[in-house]
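Undergrad: One structure coming up, written as structure tokens, with questions to follow.
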Amino acid sequence: MRCTDRTRSEDAGRPAGGSPVHLDAAFKADAPNRYEALRRQGPVHRAELYPGLYGWLVVDYDLAREALTHPALLKDPSPAADALAAADFVLNKPGVGLGGHMLEADGQDHTRLRRLVSGVFTPHRTAGLAPRVRQIAEDLIDAMASRGTADLVESFTAPLPMTVIAELLSIPDEHRARFRLWSRKALDTAAEDHRSSVAGLHGLVRRLIDEKRARPQDDLISALVGARDEDDGRLTDEELVGTCILMVIAGHDTTVNLLGNALLGLLRDPAQLRLLEGTPDLIPGAVEEFLRYDSSVEVASHRYAARDLELGGHFIPRGSIVGIALWSANRDAPMPAGEAPSVLDVSRPAARHLAFGHGIHHCLGAPLARLEATTGLEVLLRRIPGLEAAVPLDEIDWIPSGMIRGPLSLPVRYGPVLPRG
């Protein structure tokens, strides 16, 4: 164990490995090399986790697993209130930001909030969505030109999970484009319109809640509105808004980028692409490898030190903010002897990863993400064999900041599109 409680240390506040790491656009564009260098230096480093907000970044697999379940690393931001206020950190602010949901809760509050939404994301109910997910994927391919070029992010990887979550939550068509835009910008923490996007998303969710209150439907948001209005002890107004925002963002942004990262990895390695095209039975296992190899959640949502502790050999004072780099941890995951974690292998059995987290905050939507990724890749690779990159892959632009990793666009050449069936 490298996470132990501690009250004092000689290295309090001393940067790990030199100057703080800046998770800026240059870092994210070169993430494989940057994280590898950090892991060589040590398992935890001082870092700027958000513009103007400094803390600690865990980069290796073993320490990440420990930190994700450490009893002194909690979601309650109270010990870090001064630092969060100084940086004007809005993402975890109930009432104005994206807080108030189960990812920002501990203990009984977390259990209560998770239970309220767990029914819709059970493996059984998710399996029941499979025919509709497949139909959406097929429809998106039908809407593409029979041959030529396309941006797969705009034509496929973004609309597939957005349509699924919008139908699951009964989000009206007129709101979907704004949900997609504002949720992406809300997670791009260095964007000029980051704060206005957070505010826009918050306002749009409140408007949607009002619509559901006036005209309830058979969906999860209507059920949550009912829980709020009929039993005040189950859900506060801030929790209602925060939970709805979480479902919209977590229900599609992570899968958009899981698909985008997977396809980019295949375009970088045509032999792996041909292997999946010729052996579609490998796709479910390949999704686990994509989750490990290029995780869409680069850094987990913040933890806050509820008391002094030691983490990876460094003293972490109470009130410190800790980010856990799931992407880096997955590149450090245990491998069979002789296998390299830096290599994509879609035939790798039982890839181990932390892409969905670990412990009580393990992603509730993991079954849905797996279904969408598996189905989306199967449909796309079956109907559009021989995909090729339409631009040099080192020119692909990445999401420049925030906790999500993925390509902003994915231009490809293709053709012909094959018929369904």
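Lettering and numbering for the structure tokens are positional, with chains as A, B, ... in the shown order, residues counted from 1 in each chain, and ligands counted from 1 in the shown order.
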With 6 Å as the cut-off and only C-alpha atoms counted, what is the closest atom pair between each nearby residue of stretch 250-335 of chain A and stretch 152-167 of chain A? Distances in Å to one decimal, ordered by chain and number, as a tab-separated table.

TA:
```
residue	atom	partner	partner_atom	distance
A:Gly251	CA	A:Ile165	CA	5.9
A:His252	CA	A:Pro161	CA	4.9
A:Val256	CA	A:Ala158	CA	5.0
A:Leu259	CA	A:Thr157	CA	5.8
```

Undergrad: Write out as a compact mmCIF listing (two decimals) with N, CA and C atoms, in the first residue's frame which residues come within 6 Å of A:Pro411 when counting only C-alpha atoms, dropping same-chain ones fewer than 2 positions away.

TA:
```
# COMPACT_ATOMS: atom_id res chain seq x y z
N ALA A 150 -16.01 12.04 -45.15
CA ALA A 150 -16.92 12.46 -44.07
C ALA A 150 -16.12 12.66 -42.80
N ASP A 151 -16.66 13.46 -41.92
CA ASP A 151 -16.13 13.60 -40.56
C ASP A 151 -16.92 12.63 -39.69
N ALA A 390 -8.47 10.75 -44.03
CA ALA A 390 -8.47 11.73 -45.12
C ALA A 390 -7.48 12.86 -44.87
```

Undergrad: Determine the nearest neighbour of A:Leu91 from the options A:Ala186, A:Ala105, A:Val44, A:Val297, counting only C-alpha atoms.

TA: A:Ala186

Undergrad: Can you list, as a list in words, all residues belonging to stretch 20-163 of chain A that DSSP tags as strand (DSSP E)?

TA: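 Selection result, strand (DSSP E) within stretch 20-163 of chain A: Val21, His22, Val44, His45, Arg46, Ala47, Glu48, Leu49, Tyr50, Leu53, Tyr54, Gly55, Trp56, Leu57, Val58, Leu73, Leu74, Gly148, Thr149, Ala150 and Asp151 of chain A.
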
Undergrad: Give me the stretch 23-126 of chain A side of the contact with stretch 319-336 of chain A, cut-off 12 Å, one line per residue showing its nearest atom pair and distance in Å at one decimal, counting only C-alpha atoms, sorted by chain and residue number, as a Markdown table.

TA:
```
| residue | atom | partner | partner_atom | distance |
| --- | --- | --- | --- | --- |
| A:Leu23 | CA | A:Ala325 | CA | 10.7 |
| A:Lys28 | CA | A:Trp327 | CA | 10.9 |
| A:Ala31 | CA | A:Ser328 | CA | 8.4 |
| A:Pro32 | CA | A:Ser328 | CA | 7.8 |
| A:Asn33 | CA | A:Ser328 | CA | 10.1 |
| A:Arg34 | CA | A:Ser328 | CA | 9.3 |
| A:Tyr35 | CA | A:Ser328 | CA | 5.8 |
| A:Glu36 | CA | A:Ser328 | CA | 7.6 |
| A:Ala37 | CA | A:Ser328 | CA | 10.4 |
| A:Leu38 | CA | A:Ser328 | CA | 9.1 |
| A:Arg39 | CA | A:Ser328 | CA | 8.1 |
| A:Arg40 | CA | A:Asp332 | CA | 10.8 |
| A:Pro43 | CA | A:Ala329 | CA | 9.4 |
| A:Val44 | CA | A:Ile324 | CA | 9.0 |
| A:His45 | CA | A:Val322 | CA | 9.7 |
| A:Arg46 | CA | A:Val322 | CA | 9.2 |
| A:Ala47 | CA | A:Gly323 | CA | 8.7 |
| A:Glu48 | CA | A:Gly323 | CA | 9.7 |
| A:Leu49 | CA | A:Gly323 | CA | 7.0 |
| A:Tyr50 | CA | A:Gly323 | CA | 10.1 |
| A:Leu53 | CA | A:Ile321 | CA | 8.6 |
| A:Tyr54 | CA | A:Ile321 | CA | 7.2 |
| A:Gly55 | CA | A:Ile321 | CA | 4.7 |
| A:Trp56 | CA | A:Val322 | CA | 4.7 |
| A:Leu57 | CA | A:Gly323 | CA | 4.8 |
| A:Val58 | CA | A:Ile324 | CA | 4.8 |
| A:Val59 | CA | A:Ala325 | CA | 5.3 |
| A:Asp60 | CA | A:Ala329 | CA | 4.5 |
| A:Tyr61 | CA | A:Ala329 | CA | 4.1 |
| A:Asp62 | CA | A:Ala329 | CA | 7.8 |
| A:Leu63 | CA | A:Ala329 | CA | 8.4 |
| A:Ala64 | CA | A:Ile324 | CA | 6.1 |
| A:Arg65 | CA | A:Ala329 | CA | 8.7 |
| A:Glu66 | CA | A:Ile324 | CA | 10.3 |
| A:Ala67 | CA | A:Ile324 | CA | 7.6 |
| A:Leu68 | CA | A:Ile324 | CA | 7.7 |
| A:Thr69 | CA | A:Ile324 | CA | 11.3 |
| A:His70 | CA | A:Val322 | CA | 11.4 |
| A:Ala72 | CA | A:Gly319 | CA | 10.4 |
| A:Leu73 | CA | A:Val322 | CA | 7.8 |
| A:Leu74 | CA | A:Val322 | CA | 9.6 |
| A:Lys75 | CA | A:Ile321 | CA | 9.9 |
| A:Asp76 | CA | A:Gly319 | CA | 10.0 |
| A:Pro77 | CA | A:Gly319 | CA | 8.0 |
| A:Ser78 | CA | A:Gly319 | CA | 7.8 |
| A:Pro79 | CA | A:Gly319 | CA | 4.3 |
| A:Ala80 | CA | A:Gly319 | CA | 4.5 |
| A:Ala81 | CA | A:Gly319 | CA | 8.0 |
| A:Asp82 | CA | A:Gly319 | CA | 9.0 |
| A:Ala83 | CA | A:Gly319 | CA | 8.6 |
| A:Leu84 | CA | A:Ile321 | CA | 9.3 |
```
